[in-house]
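Q: Just one file: run-v1.cif, with mmCIF, C-alpha atoms and all ligand atoms.
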```cif
data_model
#
loop_
_atom_site.label_atom_id
_atom_site.label_comp_id
_atom_site.auth_asym_id
_atom_site.auth_seq_id
_atom_site.Cartn_x
_atom_site.Cartn_y
_atom_site.Cartn_z
CA MET A 1 125.10 102.27 173.32
CA SER A 2 123.16 101.08 176.38
CA ARG A 3 120.75 98.22 175.81
CA ILE A 4 117.09 99.13 176.20
CA ALA A 5 114.50 96.89 177.84
CA TYR A 6 110.73 97.24 177.94
CA VAL A 7 109.46 96.81 181.52
CA ASN A 8 105.79 97.21 182.34
CA GLY A 9 105.01 100.02 179.95
CA ARG A 10 108.40 101.78 179.86
CA TYR A 11 111.47 101.59 177.65
CA LEU A 12 114.45 101.77 180.01
CA PRO A 13 118.25 101.55 179.90
CA PHE A 14 119.31 98.15 181.30
CA ARG A 15 120.63 99.52 184.58
CA GLU A 16 117.18 100.98 185.34
CA ALA A 17 115.22 97.96 184.09
CA LYS A 18 114.11 96.30 187.32
CA ILE A 19 111.51 93.82 188.54
CA HIS A 20 109.85 93.81 191.95
CA VAL A 21 111.23 91.35 194.56
CA GLU A 22 107.74 89.88 194.92
CA ASP A 23 107.20 89.33 191.22
CA ARG A 24 105.80 85.79 190.98
CA GLY A 25 108.13 85.02 188.12
CA TYR A 26 111.06 85.64 190.44
CA GLN A 27 109.54 83.72 193.37
CA PHE A 28 107.69 80.82 191.71
CA ALA A 29 108.73 80.82 188.03
CA ASP A 30 105.04 81.66 187.57
CA GLY A 31 105.25 82.95 184.03
CA VAL A 32 105.89 82.21 180.38
CA TYR A 33 108.23 83.42 177.66
CA GLU A 34 108.92 83.46 173.96
CA VAL A 35 112.04 83.90 171.87
CA CYS A 36 111.96 84.98 168.22
CA GLU A 37 114.85 85.14 165.85
CA VAL A 38 115.36 88.61 164.32
CA ARG A 39 116.52 88.92 160.70
CA GLY A 40 116.85 92.09 158.71
CA GLY A 41 115.57 93.88 161.82
CA LYS A 42 112.30 91.91 161.78
CA PRO A 43 111.04 89.11 164.04
CA VAL A 44 110.79 85.73 162.29
CA ASP A 45 107.52 83.75 162.62
CA GLU A 46 106.28 86.25 165.19
CA ARG A 47 102.62 85.44 164.54
CA ARG A 48 103.17 81.80 165.49
CA HIS A 49 105.27 82.71 168.54
CA LEU A 50 102.55 85.06 169.79
CA ALA A 51 99.88 82.41 169.22
CA ARG A 52 101.93 79.96 171.32
CA LEU A 53 102.39 82.66 173.97
CA GLU A 54 98.63 83.15 174.16
CA ARG A 55 98.18 79.39 174.57
CA SER A 56 100.85 79.18 177.32
CA LEU A 57 99.20 82.07 179.20
CA GLY A 58 95.80 80.41 178.84
CA GLU A 59 97.11 77.12 180.28
CA LEU A 60 98.36 79.03 183.37
CA ARG A 61 95.26 81.24 183.53
CA ILE A 62 97.29 84.44 183.23
CA ALA A 63 95.46 87.18 181.33
CA LEU A 64 96.99 88.52 178.14
CA PRO A 65 98.35 91.88 179.38
CA MET A 66 97.60 93.67 176.10
CA PRO A 67 96.28 92.66 172.67
CA LEU A 68 98.72 90.68 170.51
CA THR A 69 98.84 93.63 168.10
CA ALA A 70 100.16 95.83 170.93
CA LEU A 71 102.73 93.19 171.95
CA ASP A 72 103.83 93.13 168.32
CA VAL A 73 104.45 96.90 168.49
CA VAL A 74 106.50 96.53 171.71
CA LEU A 75 108.62 93.70 170.27
CA ARG A 76 109.43 95.73 167.16
CA GLU A 77 110.15 98.86 169.19
CA VAL A 78 112.64 96.98 171.41
CA VAL A 79 114.31 95.50 168.32
CA ALA A 80 114.52 98.98 166.74
CA ARG A 81 115.74 100.77 169.88
CA ASN A 82 118.52 98.20 170.29
CA ARG A 83 119.34 98.42 166.56
CA ILE A 84 119.18 94.65 166.09
CA GLY A 85 119.68 93.51 162.51
CA TYR A 86 120.35 89.84 163.26
CA GLY A 87 119.66 88.54 166.74
CA MET A 88 116.83 87.63 169.05
CA VAL A 89 113.97 89.24 170.92
CA TYR A 90 112.86 87.83 174.30
CA LEU A 91 109.43 88.34 175.84
CA GLN A 92 108.47 87.30 179.36
CA ILE A 93 105.09 87.61 181.06
CA THR A 94 104.55 86.66 184.70
CA ARG A 95 101.45 86.59 186.88
CA GLY A 96 102.62 89.86 188.42
CA VAL A 97 103.46 91.16 191.88
CA ALA A 98 101.74 89.97 195.07
CA ARG A 99 102.53 89.03 198.66
CA ARG A 100 104.17 85.61 198.58
CA ASP A 101 101.58 82.83 198.70
CA HIS A 102 101.37 79.88 196.35
CA ALA A 103 97.72 80.18 195.28
CA PHE A 104 96.74 82.76 192.67
CA PRO A 105 96.62 86.23 194.29
CA VAL A 106 93.29 87.93 194.92
CA PRO A 107 92.67 90.51 193.58
CA THR A 108 94.43 89.47 190.38
CA PRO A 109 97.55 91.61 189.83
CA ALA A 110 98.45 93.06 186.45
CA PRO A 111 100.77 90.63 184.63
CA ALA A 112 104.38 91.84 184.46
CA VAL A 113 105.84 92.21 180.97
CA VAL A 114 109.50 92.37 180.02
CA VAL A 115 110.97 92.50 176.51
CA THR A 116 114.69 92.50 175.70
CA ALA A 117 116.64 92.04 172.49
CA ARG A 118 120.22 91.33 171.60
CA GLY A 119 122.37 90.78 168.56
CA LEU A 120 123.74 87.35 167.64
CA ASN A 121 126.89 86.53 165.73
CA SER A 122 125.75 85.04 162.44
CA GLY A 123 129.28 83.96 161.46
CA ARG A 124 129.62 81.99 164.68
CA ASN A 125 126.23 80.34 164.22
CA GLU A 126 127.01 79.38 160.63
CA ALA A 127 130.38 77.95 161.70
CA LEU A 128 128.66 75.89 164.41
CA ALA A 129 126.16 74.51 161.91
CA ALA A 130 128.94 73.73 159.41
CA LYS A 131 130.83 71.77 162.06
CA GLY A 132 127.87 70.20 163.82
CA ILE A 133 127.43 69.75 167.56
CA ALA A 134 127.84 67.04 170.16
CA VAL A 135 124.96 66.18 172.49
CA ILE A 136 124.73 64.06 175.62
CA SER A 137 121.66 62.21 176.89
CA VAL A 138 120.16 62.83 180.33
CA PRO A 139 117.09 61.39 182.08
CA ASP A 140 114.01 63.55 181.47
CA ASN A 141 113.17 64.65 185.01
CA ARG A 142 110.88 67.56 184.08
CA TRP A 143 107.23 68.05 185.04
CA GLY A 144 104.39 66.71 182.87
CA ARG A 145 103.46 69.95 181.09
CA VAL A 146 106.58 71.01 179.22
CA ASP A 147 104.30 71.87 176.30
CA ILE A 148 103.73 75.14 178.19
CA LYS A 149 106.66 77.48 177.59
CA THR A 150 107.18 78.43 181.24
CA ILE A 151 110.18 80.23 182.68
CA GLY A 152 110.66 77.29 185.10
CA LEU A 153 113.72 75.83 183.37
CA LEU A 154 115.88 74.37 186.13
CA PRO A 155 116.10 70.82 184.66
CA ASN A 156 117.01 72.40 181.31
CA VAL A 157 119.67 74.57 182.98
CA LEU A 158 121.22 71.56 184.75
CA ALA A 159 121.07 69.46 181.58
CA ARG A 160 122.85 72.13 179.52
CA GLN A 161 125.45 72.55 182.25
CA ALA A 162 126.08 68.79 182.26
CA ALA A 163 126.53 69.00 178.47
CA VAL A 164 129.00 71.87 178.74
CA GLU A 165 130.97 70.03 181.42
CA GLN A 166 131.23 67.03 179.09
CA GLY A 167 132.37 69.13 176.13
CA ALA A 168 128.98 68.95 174.38
CA ARG A 169 126.61 71.66 173.23
CA ASP A 170 123.14 70.31 174.01
CA ALA A 171 121.53 67.63 176.17
CA TRP A 172 118.78 65.32 174.91
CA PHE A 173 116.18 64.32 177.49
CA VAL A 174 115.30 60.62 177.49
CA ASP A 175 112.04 59.35 178.99
CA ARG A 176 111.50 56.18 181.06
CA ASP A 177 110.89 54.12 177.90
CA GLY A 178 114.30 55.06 176.53
CA ALA A 179 112.78 57.45 173.98
CA VAL A 180 114.21 60.90 173.30
CA THR A 181 111.79 63.69 174.17
CA GLU A 182 113.68 66.84 173.13
CA GLY A 183 116.80 68.90 173.75
CA ALA A 184 117.34 71.24 176.69
CA SER A 185 116.28 74.19 174.52
CA THR A 186 115.68 72.50 171.18
CA ASN A 187 113.54 69.88 169.45
CA ALA A 188 115.33 66.66 168.51
CA TRP A 189 115.23 64.93 165.11
CA ILE A 190 116.84 61.96 163.36
CA VAL A 191 117.05 60.75 159.76
CA THR A 192 116.71 56.97 159.44
CA GLY A 193 118.69 54.69 157.17
CA GLU A 194 115.74 54.86 154.73
CA GLY A 195 115.93 58.66 154.70
CA THR A 196 112.77 59.26 156.75
CA VAL A 197 112.90 62.35 158.95
CA VAL A 198 111.59 61.52 162.44
CA THR A 199 110.62 63.70 165.38
CA ARG A 200 108.51 63.10 168.46
CA PRO A 201 104.80 64.03 168.32
CA ALA A 202 104.00 67.30 170.08
CA ASP A 203 102.06 66.05 173.09
CA HIS A 204 102.60 67.21 176.69
CA ALA A 205 106.14 65.72 176.76
CA ILE A 206 107.75 68.30 174.46
CA LEU A 207 107.44 71.94 173.51
CA ARG A 208 105.79 72.37 170.12
CA GLY A 209 108.70 74.33 168.64
CA ILE A 210 107.81 76.97 166.08
CA THR A 211 110.92 76.01 164.11
CA ARG A 212 109.68 72.40 164.27
CA THR A 213 106.27 73.42 162.90
CA VAL A 214 107.76 75.37 159.99
CA LEU A 215 110.25 72.58 159.29
CA PHE A 216 107.41 70.21 158.36
CA ASP A 217 106.70 72.53 155.40
CA VAL A 218 110.40 72.65 154.51
CA ILE A 219 110.68 68.85 154.62
CA LYS A 220 107.58 68.33 152.47
CA ALA A 221 108.72 70.94 149.94
CA ARG A 222 111.98 68.95 149.60
CA GLY A 223 109.93 65.83 148.86
CA LEU A 224 111.20 64.04 151.97
CA VAL A 225 109.14 61.69 154.11
CA VAL A 226 108.49 62.83 157.68
CA GLU A 227 107.17 60.75 160.55
CA GLU A 228 105.98 62.06 163.91
CA ARG A 229 106.78 59.27 166.34
CA ALA A 230 108.87 58.65 169.42
CA PHE A 231 112.40 57.36 168.66
CA THR A 232 114.73 55.73 171.16
CA LEU A 233 118.22 56.80 172.09
CA GLN A 234 119.45 53.49 170.61
CA GLU A 235 117.82 54.39 167.30
CA ALA A 236 119.44 57.84 167.42
CA TYR A 237 122.89 56.24 167.94
CA THR A 238 122.53 54.35 164.66
CA ALA A 239 120.64 57.02 162.70
CA ARG A 240 122.01 58.27 159.42
CA GLU A 241 121.73 61.86 160.65
CA ALA A 242 120.52 63.78 163.68
CA PHE A 243 119.81 67.45 164.22
CA VAL A 244 118.16 69.97 166.54
CA THR A 245 115.84 72.89 165.84
CA ALA A 246 115.17 76.12 167.74
CA ALA A 247 114.31 79.69 166.80
CA THR A 248 117.78 81.18 167.19
CA GLN A 249 119.59 78.10 165.86
CA ILE A 250 117.26 77.06 163.00
CA VAL A 251 118.63 73.60 162.10
CA VAL A 252 121.92 72.45 163.61
CA PRO A 253 123.36 69.04 162.72
CA VAL A 254 124.22 66.70 165.61
CA VAL A 255 127.43 64.80 164.85
CA ARG A 256 127.99 62.99 168.17
CA ILE A 257 125.58 61.56 170.75
CA ASP A 258 127.12 60.43 174.04
CA GLY A 259 130.51 60.43 172.36
CA ARG A 260 129.43 58.15 169.46
CA PRO A 261 129.62 59.54 165.93
CA VAL A 262 126.28 59.91 164.12
CA GLY A 263 126.58 58.57 160.56
CA ASP A 264 130.07 59.44 159.36
CA GLY A 265 130.47 61.98 162.18
CA ARG A 266 129.91 64.97 159.92
CA PRO A 267 126.85 67.17 159.23
CA GLY A 268 124.53 65.25 156.91
CA PRO A 269 122.97 66.40 153.64
CA VAL A 270 119.37 66.42 154.91
CA ALA A 271 120.05 68.68 157.91
CA THR A 272 122.25 70.93 155.79
CA ALA A 273 119.59 71.27 153.07
CA LEU A 274 116.78 71.91 155.54
CA ARG A 275 118.82 74.64 157.19
CA ALA A 276 119.52 76.27 153.84
CA ASP A 277 115.82 76.18 152.85
CA PHE A 278 114.32 77.27 156.17
CA HIS A 279 113.90 81.01 155.70
CA ARG A 280 112.09 80.55 152.41
CA HIS A 281 109.25 79.04 154.45
CA ALA A 282 109.38 81.16 157.63
CA GLU A 283 107.29 84.33 157.91
CA ARG A 284 108.96 87.72 158.17
CA THR A 285 106.62 90.71 158.05
N1 LIG A 301 112.14 72.65 173.24
C1 LIG A 301 112.51 73.42 174.28
C2 LIG A 301 112.57 72.81 175.64
C3 LIG A 301 112.84 74.77 174.09
O1 LIG A 301 113.20 75.52 175.14
C4 LIG A 301 112.80 75.31 172.77
C5 LIG A 301 113.13 76.71 172.53
O2 LIG A 301 113.40 77.48 173.41
C6 LIG A 301 112.43 74.47 171.72
C7 LIG A 301 112.09 73.15 171.99
C8 LIG A 301 112.38 74.99 170.31
O3 LIG A 301 111.29 75.86 170.14
P1 LIG A 301 111.30 76.99 169.02
O4 LIG A 301 111.56 76.31 167.72
O5 LIG A 301 109.95 77.59 169.09
O6 LIG A 301 112.39 77.94 169.41
#
```
Would you mind writing the structure in this file as structure tokens?
A:
Amino acid sequence: MSRIAYVNGRYLPFREAKIHVEDRGYQFADGVYEVCEVRGGKPVDERRHLARLERSLGELRIALPMPLTALDVVLREVVARNRIGYGMVYLQITRGVARRDHAFPVPTPAPAVVVTARGLNSGRNEALAAKGIAVISVPDNRWGRVDIKTIGLLPNVLARQAAVEQGARDAWFVDRDGAVTEGASTNAWIVTGEGTVVTRPADHAILRGITRTVLFDVIKARGLVVEERAFTLQEAYTAREAFVTAATQIVVPVVRIDGRPVGDGRPGPVATALRADFHRHAERT
């Protein structure tokens, strides 16, 4: 079965799904995106993802191309047409097509909208979570507005590649003060020796992950203490546990940072419990 993509109003087989050479997403990374997990054929926490999309578009002054209710219909249609039970749906909106010039085009073009979906291997993801992952640290060399979910991801691409080349799965960005900001495509967390769950506050230095937001409810429901504060790489090295969160990964324990074992080098009970609880708190409508 050919995969189907939504491109600017049409549902097309992949080989026909094309974007203009002067799309500003292609030329300037002038656009935003969202990724939702799909479970039981339904997007998870879609309402929150669409709210974040609207915020990202607003920060870049790109108009919402259609009401959120219409985007919801498109997302579900792409999931259905690709027969995704468990997987992910990807949505990208760019400023549209215009002759190449850095400033916003006049007149304003229609934003370009692309939606794709694909299945994920749940067995593989569960095995990864059961084993835990290794991460490396890299200097955070990104721009100052990574709270906007833009498609400009070159530092993230290079960080992930560095991780892969060093036999690790993710890279944690570290700021000039030695504090961890977030992963290349994840939010970063630790559990202290006292059992407090710590993650960085969602300012302009990290993306406010939807999984991160929902996880606060999961943590509180478990009766655990959570603290939003910056933590250093040194603190992460000696943490009792560490883990990452992202929509298609939920909670994945980190068992090595820069080659050093975290805790006893195995997935910890807090990360494992939070992962198990997560979907009781996420929305699926
Ligand atoms: N941080 C970055 C840089 C990301 O790219 C992502 C997800 O793509 C996240 C955090 C996690 O966000 P979410 O939980 O909404 O998937």
Q: Which one of A:Gln166, A:Thr245, A:Ser56, A:Thr192 sits closest to Val146 (chain A) if you count all atoms listed in the file?
A: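 Closest candidate: A:Ser56.
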Q: With all atoms listed in the file as the atoms that count, which of A:Gly209, A:Gly263, A:Gly85, A:Pro201 lies nearest to Glu228 (chain A)?
A: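 Looking only at the distances to Glu228 (chain A), the closest residue turns out to be A:Pro201.
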Q: With distances taken over only C-alpha atoms, which of A:Val38, A:Val113, A:Ile4, A:Val157 is nearest to Glu16 (chain A)?
A: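 Of the candidates, the smallest distance to Glu16 (chain A) is held by A:Ile4.
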Q: Nearest to Asn187 (chain A): which of A:Val251, A:Ala98, A:Ala246, A:Ala171 is it, counting only C-alpha atoms?
A: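 Distance minimum relative to Asn187 (chain A) lands on A:Ala246.
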Q: Using only C-alpha atoms, collect all residues at a distance of at most 10 Å from (106.1, 76.4, 164.1) as written in the file, then present them as a PyMOL selection string.
A: chain A and resi 45-49+52+208-217+246-247+282
Q: Which of these, A:Arg176, A:Lys220, A:Lys149, A:Arg229, has the shortest distance to ligand LIG 301 (chain A) once you count all atoms listed in the file?
A: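 Closest residue, counting all atoms listed in the file: A:Lys149.
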Q: Would you work out the distance separating CA of Leu224 (chain A) from CA of Glu194 (chain A), expressed in Å to one decimal?
A: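 Interatomic distance here is 10.6 Å.
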Q: Taking into account only C-alpha atoms, which residue in the set A:Arg256, A:Arg100, A:Arg3, A:Lys42 is nearest to Gly167 (chain A)?
A: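 Ranking A:Arg256, A:Arg100, A:Arg3, A:Lys42 by distance to Gly167 (chain A), first place goes to A:Arg256.
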Q: Please put the answer as AutoDock Vina command-line options: centre and edge lengths, in Å with one decimal, of a box along x, y and z that encloses all listed atoms of region 48-61 of chain A plus 6 Å on each side.
A:
```
--center_x 100.3 --center_y 81.1 --center_z 174.5 --size_x 22.0 --size_y 19.9 --size_z 30.0
```
Q: Within 12 Å of Ala273 (chain A), counting only C-alpha atoms, which residues qualify if same-chain residues fewer than 2 places away don't, as a list in words?
A: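 Neighbouring residues, sequence-local ones excluded: Ala129, Ala130, Leu215, Val218, Ile219, Ala221, Arg222, Gly223, Leu224, Phe243, Ile250, Val251, Val252, Pro253, Pro267, Gly268, Pro269, Val270, Ala271, Arg275, Ala276, Asp277, Phe278, His279 and Arg280 of chain A.
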Q: So how many Å separate CA of Val135 (chain A) and CA of Ser185 (chain A), to one decimal?
A: 12.0 Å
